[in-house]
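Below is one structure, written out as structure tokens; the observations come after it.
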Amino acid sequence: MQKVNGKFIVRIETCVDCGNEFMIDLEEFIQKTESGMRLPKRCVACRKNRRCERDPYAGWLSTLGRYPATKGHRHSVHGGR
């Protein structure tokens, strides 16, 4: 096991999308295996791109309207208009 940037590297994998090598550190390895998840087969950049392709509004835009402060504002300030 080698140490890079203060993290212990467990595995070095090749991304199935871009072909670049990426490292799986000990923390990620333990987190994935204990929760029953599979180890990643894509690098961080390709994982992010894939997430954005599936749902481009998955970021902060998807949370609009979910907070009570934004729903009650109109009624309490403008008298329900």
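Each chain of the structure tokens is named A, B, ... in the order shown, its residues numbered from 1; ligands are numbered from 1 in display order.
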Residues near Leu39 of chain A, anyone? I mean within 9 Å using only C-alpha atoms, not counting same-chain ones fewer than 2 positions away, as a PDB file with all heavy atoms, in the first residue's frame.
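Once written, part-v6.pdb looks like this:
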ATOM      1  N   ILE A  24      -8.027   4.588  -5.818  1.00  0.00           N
ATOM      2  CA  ILE A  24      -9.045   4.391  -4.795  1.00  0.00           C
ATOM      3  C   ILE A  24      -8.309   4.366  -3.464  1.00  0.00           C
ATOM      4  O   ILE A  24      -7.476   3.485  -3.230  1.00  0.00           O
ATOM      5  CB  ILE A  24      -9.824   3.085  -5.017  1.00  0.00           C
ATOM      6  CG1 ILE A  24     -10.532   3.118  -6.376  1.00  0.00           C
ATOM      7  CG2 ILE A  24     -10.821   2.856  -3.890  1.00  0.00           C
ATOM      8  CD1 ILE A  24     -11.215   1.838  -6.754  1.00  0.00           C
ATOM      9  N   GLU A  28     -12.273   5.583   0.903  1.00  0.00           N
ATOM     10  CA  GLU A  28     -13.310   5.271  -0.083  1.00  0.00           C
ATOM     11  C   GLU A  28     -13.537   3.765  -0.164  1.00  0.00           C
ATOM     12  O   GLU A  28     -14.676   3.300  -0.247  1.00  0.00           O
ATOM     13  CB  GLU A  28     -12.923   5.822  -1.452  1.00  0.00           C
ATOM     14  CG  GLU A  28     -13.979   5.628  -2.509  1.00  0.00           C
ATOM     15  CD  GLU A  28     -13.600   6.232  -3.847  1.00  0.00           C
ATOM     16  OE1 GLU A  28     -12.410   6.495  -4.099  1.00  0.00           O
ATOM     17  OE2 GLU A  28     -14.514   6.423  -4.656  1.00  0.00           O
ATOM     18  N   PHE A  29     -12.455   2.992  -0.118  1.00  0.00           N
ATOM     19  CA  PHE A  29     -12.548   1.539  -0.185  1.00  0.00           C
ATOM     20  C   PHE A  29     -13.376   0.999   0.978  1.00  0.00           C
ATOM     21  O   PHE A  29     -14.288   0.190   0.781  1.00  0.00           O
ATOM     22  CB  PHE A  29     -11.137   0.931  -0.179  1.00  0.00           C
ATOM     23  CG  PHE A  29     -11.127  -0.550  -0.313  1.00  0.00           C
ATOM     24  CD1 PHE A  29     -11.268  -1.154  -1.552  1.00  0.00           C
ATOM     25  CD2 PHE A  29     -10.969  -1.356   0.805  1.00  0.00           C
ATOM     26  CE1 PHE A  29     -11.248  -2.533  -1.676  1.00  0.00           C
ATOM     27  CE2 PHE A  29     -10.956  -2.734   0.693  1.00  0.00           C
ATOM     28  CZ  PHE A  29     -11.094  -3.328  -0.550  1.00  0.00           C
ATOM     29  N   LYS A  32     -17.165   2.097   0.680  1.00  0.00           N
ATOM     30  CA  LYS A  32     -17.917   1.366  -0.351  1.00  0.00           C
ATOM     31  C   LYS A  32     -18.159  -0.082   0.055  1.00  0.00           C
ATOM     32  O   LYS A  32     -19.250  -0.614  -0.116  1.00  0.00           O
ATOM     33  CB  LYS A  32     -17.171   1.394  -1.693  1.00  0.00           C
ATOM     34  CG  LYS A  32     -16.947   2.761  -2.252  1.00  0.00           C
ATOM     35  CD  LYS A  32     -18.183   3.321  -2.879  1.00  0.00           C
ATOM     36  CE  LYS A  32     -17.850   4.647  -3.532  1.00  0.00           C
ATOM     37  NZ  LYS A  32     -18.963   5.347  -4.067  1.00  0.00           N
ATOM     38  N   THR A  33     -17.131  -0.748   0.577  1.00  0.00           N
ATOM     39  CA  THR A  33     -17.284  -2.165   0.916  1.00  0.00           C
ATOM     40  C   THR A  33     -18.188  -2.376   2.120  1.00  0.00           C
ATOM     41  O   THR A  33     -18.972  -3.327   2.141  1.00  0.00           O
ATOM     42  CB  THR A  33     -15.924  -2.825   1.157  1.00  0.00           C
ATOM     43  OG1 THR A  33     -15.195  -2.086   2.138  1.00  0.00           O
ATOM     44  CG2 THR A  33     -15.114  -2.906  -0.120  1.00  0.00           C
ATOM     45  N   MET A  37     -21.642  -1.324  -1.494  1.00  0.00           N
ATOM     46  CA  MET A  37     -21.589  -0.728  -2.829  1.00  0.00           C
ATOM     47  C   MET A  37     -20.405  -1.296  -3.610  1.00  0.00           C
ATOM     48  O   MET A  37     -19.451  -1.795  -3.033  1.00  0.00           O
ATOM     49  CB  MET A  37     -21.449   0.793  -2.723  1.00  0.00           C
ATOM     50  CG  MET A  37     -22.609   1.460  -2.028  1.00  0.00           C
ATOM     51  SD  MET A  37     -22.308   3.193  -1.682  1.00  0.00           S
ATOM     52  CE  MET A  37     -22.387   3.880  -3.315  1.00  0.00           C
ATOM     53  N   LYS A  41     -15.760   2.366 -11.201  1.00  0.00           N
ATOM     54  CA  LYS A  41     -15.025   1.960 -12.388  1.00  0.00           C
ATOM     55  C   LYS A  41     -14.753   3.151 -13.293  1.00  0.00           C
ATOM     56  O   LYS A  41     -14.244   3.011 -14.377  1.00  0.00           O
ATOM     57  CB  LYS A  41     -15.762   0.856 -13.134  1.00  0.00           C
ATOM     58  CG  LYS A  41     -17.179   1.169 -13.517  1.00  0.00           C
ATOM     59  CD  LYS A  41     -17.853  -0.029 -14.138  1.00  0.00           C
ATOM     60  CE  LYS A  41     -19.313   0.276 -14.434  1.00  0.00           C
ATOM     61  NZ  LYS A  41     -19.974  -0.865 -15.027  1.00  0.00           N
TER      62      LYS A  41
END
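Within the 10 Å cut-off around Cys43 of chain A, using only C-alpha atoms and omitting residues fewer than 4 positions from it on the same chain, the listed residues are Glu13, Thr14, Cys15, Val16, Asp17, Cys18, Gly19, Asn20, Glu21, Phe22, Met23, Ile24, Arg47 and Lys48 of chain A.
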Secondary structure check, strand (DSSP E) residues of segment 3-45 of chain A, as a PyMOL selection string: chain A and resi 3-4+7-14+21-25
For the residues in that selection, give me all heavy atoms as a compact mmCIF listing (two decimals), in the first residue's frame.
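Full text of again19.txt as output:
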# COMPACT_ATOMS: atom_id res chain seq x y z
N LYS A 3 1.40 5.62 -0.12
CA LYS A 3 0.78 6.81 0.41
C LYS A 3 1.00 7.97 -0.55
O LYS A 3 2.12 8.28 -0.93
CB LYS A 3 1.38 7.13 1.78
CG LYS A 3 0.65 8.17 2.56
CD LYS A 3 1.22 8.29 3.96
CE LYS A 3 0.40 9.27 4.77
NZ LYS A 3 0.89 9.37 6.15
N VAL A 4 -0.10 8.61 -0.97
CA VAL A 4 -0.04 9.74 -1.90
C VAL A 4 -0.88 10.87 -1.31
O VAL A 4 -2.06 10.68 -1.00
CB VAL A 4 -0.57 9.36 -3.30
CG1 VAL A 4 -0.59 10.54 -4.23
CG2 VAL A 4 0.24 8.22 -3.88
N LYS A 7 -2.90 10.20 1.79
CA LYS A 7 -3.92 9.16 1.76
C LYS A 7 -3.29 7.84 1.34
O LYS A 7 -2.42 7.81 0.48
CB LYS A 7 -5.03 9.52 0.76
CG LYS A 7 -5.82 10.74 1.16
CD LYS A 7 -6.94 10.97 0.19
CE LYS A 7 -7.77 12.15 0.65
NZ LYS A 7 -8.96 12.33 -0.17
N PHE A 8 -3.75 6.77 1.96
CA PHE A 8 -3.26 5.44 1.60
C PHE A 8 -4.03 4.94 0.39
O PHE A 8 -5.25 4.89 0.39
CB PHE A 8 -3.42 4.47 2.76
CG PHE A 8 -2.49 4.75 3.89
CD1 PHE A 8 -2.91 5.42 5.03
CD2 PHE A 8 -1.16 4.36 3.81
CE1 PHE A 8 -2.04 5.68 6.06
CE2 PHE A 8 -0.28 4.61 4.84
CZ PHE A 8 -0.72 5.28 5.98
N ILE A 9 -3.30 4.56 -0.65
CA ILE A 9 -3.91 4.10 -1.89
C ILE A 9 -4.03 2.58 -1.85
O ILE A 9 -3.05 1.87 -1.66
CB ILE A 9 -3.07 4.54 -3.11
CG1 ILE A 9 -2.89 6.05 -3.10
CG2 ILE A 9 -3.70 4.06 -4.39
CD1 ILE A 9 -4.18 6.84 -3.07
N VAL A 10 -5.25 2.09 -2.03
CA VAL A 10 -5.51 0.66 -1.99
C VAL A 10 -5.41 0.06 -3.39
O VAL A 10 -4.80 -0.98 -3.58
CB VAL A 10 -6.91 0.38 -1.40
CG1 VAL A 10 -7.22 -1.10 -1.42
CG2 VAL A 10 -7.01 0.92 0.00
N ARG A 11 -6.01 0.73 -4.37
CA ARG A 11 -6.03 0.21 -5.73
C ARG A 11 -5.83 1.33 -6.74
O ARG A 11 -6.20 2.47 -6.50
CB ARG A 11 -7.37 -0.45 -6.03
CG ARG A 11 -7.65 -1.66 -5.18
CD ARG A 11 -9.01 -2.21 -5.42
NE ARG A 11 -9.02 -2.95 -6.68
CZ ARG A 11 -9.99 -3.76 -7.04
NH1 ARG A 11 -11.04 -3.92 -6.27
NH2 ARG A 11 -9.94 -4.40 -8.17
N ILE A 12 -5.28 0.96 -7.88
CA ILE A 12 -5.20 1.86 -9.02
C ILE A 12 -5.98 1.20 -10.14
O ILE A 12 -5.67 0.08 -10.55
CB ILE A 12 -3.73 2.11 -9.44
CG1 ILE A 12 -2.98 2.80 -8.30
CG2 ILE A 12 -3.68 2.94 -10.71
CD1 ILE A 12 -1.51 3.01 -8.57
N GLU A 13 -7.02 1.89 -10.60
CA GLU A 13 -7.91 1.36 -11.62
C GLU A 13 -7.82 2.19 -12.89
O GLU A 13 -7.33 3.32 -12.87
CB GLU A 13 -9.36 1.38 -11.12
CG GLU A 13 -9.62 0.52 -9.90
CD GLU A 13 -9.67 -0.96 -10.23
OE1 GLU A 13 -10.01 -1.32 -11.37
OE2 GLU A 13 -9.38 -1.75 -9.33
N THR A 14 -8.33 1.65 -13.99
CA THR A 14 -8.41 2.36 -15.25
C THR A 14 -9.87 2.70 -15.51
O THR A 14 -10.74 1.84 -15.45
CB THR A 14 -7.86 1.50 -16.40
OG1 THR A 14 -6.52 1.13 -16.09
CG2 THR A 14 -7.87 2.26 -17.70
N GLU A 21 -5.92 6.46 -15.56
CA GLU A 21 -5.82 5.74 -14.29
C GLU A 21 -6.29 6.65 -13.17
O GLU A 21 -6.05 7.85 -13.18
CB GLU A 21 -4.39 5.29 -14.04
CG GLU A 21 -3.95 4.16 -14.94
CD GLU A 21 -2.59 3.61 -14.55
OE1 GLU A 21 -1.86 4.30 -13.81
OE2 GLU A 21 -2.28 2.51 -14.97
N PHE A 22 -6.98 6.07 -12.18
CA PHE A 22 -7.39 6.79 -10.98
C PHE A 22 -7.15 5.90 -9.78
O PHE A 22 -7.03 4.68 -9.89
CB PHE A 22 -8.85 7.25 -11.07
CG PHE A 22 -9.86 6.13 -11.06
CD1 PHE A 22 -10.48 5.75 -9.89
CD2 PHE A 22 -10.18 5.47 -12.23
CE1 PHE A 22 -11.41 4.72 -9.89
CE2 PHE A 22 -11.11 4.45 -12.25
CZ PHE A 22 -11.72 4.07 -11.07
N MET A 23 -7.04 6.53 -8.62
CA MET A 23 -6.70 5.81 -7.40
C MET A 23 -7.91 5.71 -6.48
O MET A 23 -8.70 6.64 -6.38
CB MET A 23 -5.56 6.52 -6.69
CG MET A 23 -4.29 6.54 -7.48
SD MET A 23 -2.99 7.46 -6.66
CE MET A 23 -3.24 9.07 -7.38
N ILE A 24 -8.03 4.59 -5.82
CA ILE A 24 -9.05 4.39 -4.80
C ILE A 24 -8.31 4.37 -3.46
O ILE A 24 -7.48 3.48 -3.23
CB ILE A 24 -9.82 3.09 -5.02
CG1 ILE A 24 -10.53 3.12 -6.38
CG2 ILE A 24 -10.82 2.86 -3.89
CD1 ILE A 24 -11.22 1.84 -6.75
N ASP A 25 -8.63 5.35 -2.61
CA ASP A 25 -7.92 5.42 -1.33
C ASP A 25 -8.62 4.54 -0.29
O ASP A 25 -9.69 4.00 -0.51
CB ASP A 25 -7.78 6.86 -0.85
CG ASP A 25 -9.12 7.52 -0.55
OD1 ASP A 25 -10.16 6.90 -0.78
OD2 ASP A 25 -9.09 8.67 -0.08
d(atom CA of Glu53 of chain A, atom CA of Ile30 of chain A) in Å: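 So the two atoms, atom CA of Glu53 of chain A and atom CA of Ile30 of chain A, lie 27.9 Å apart.
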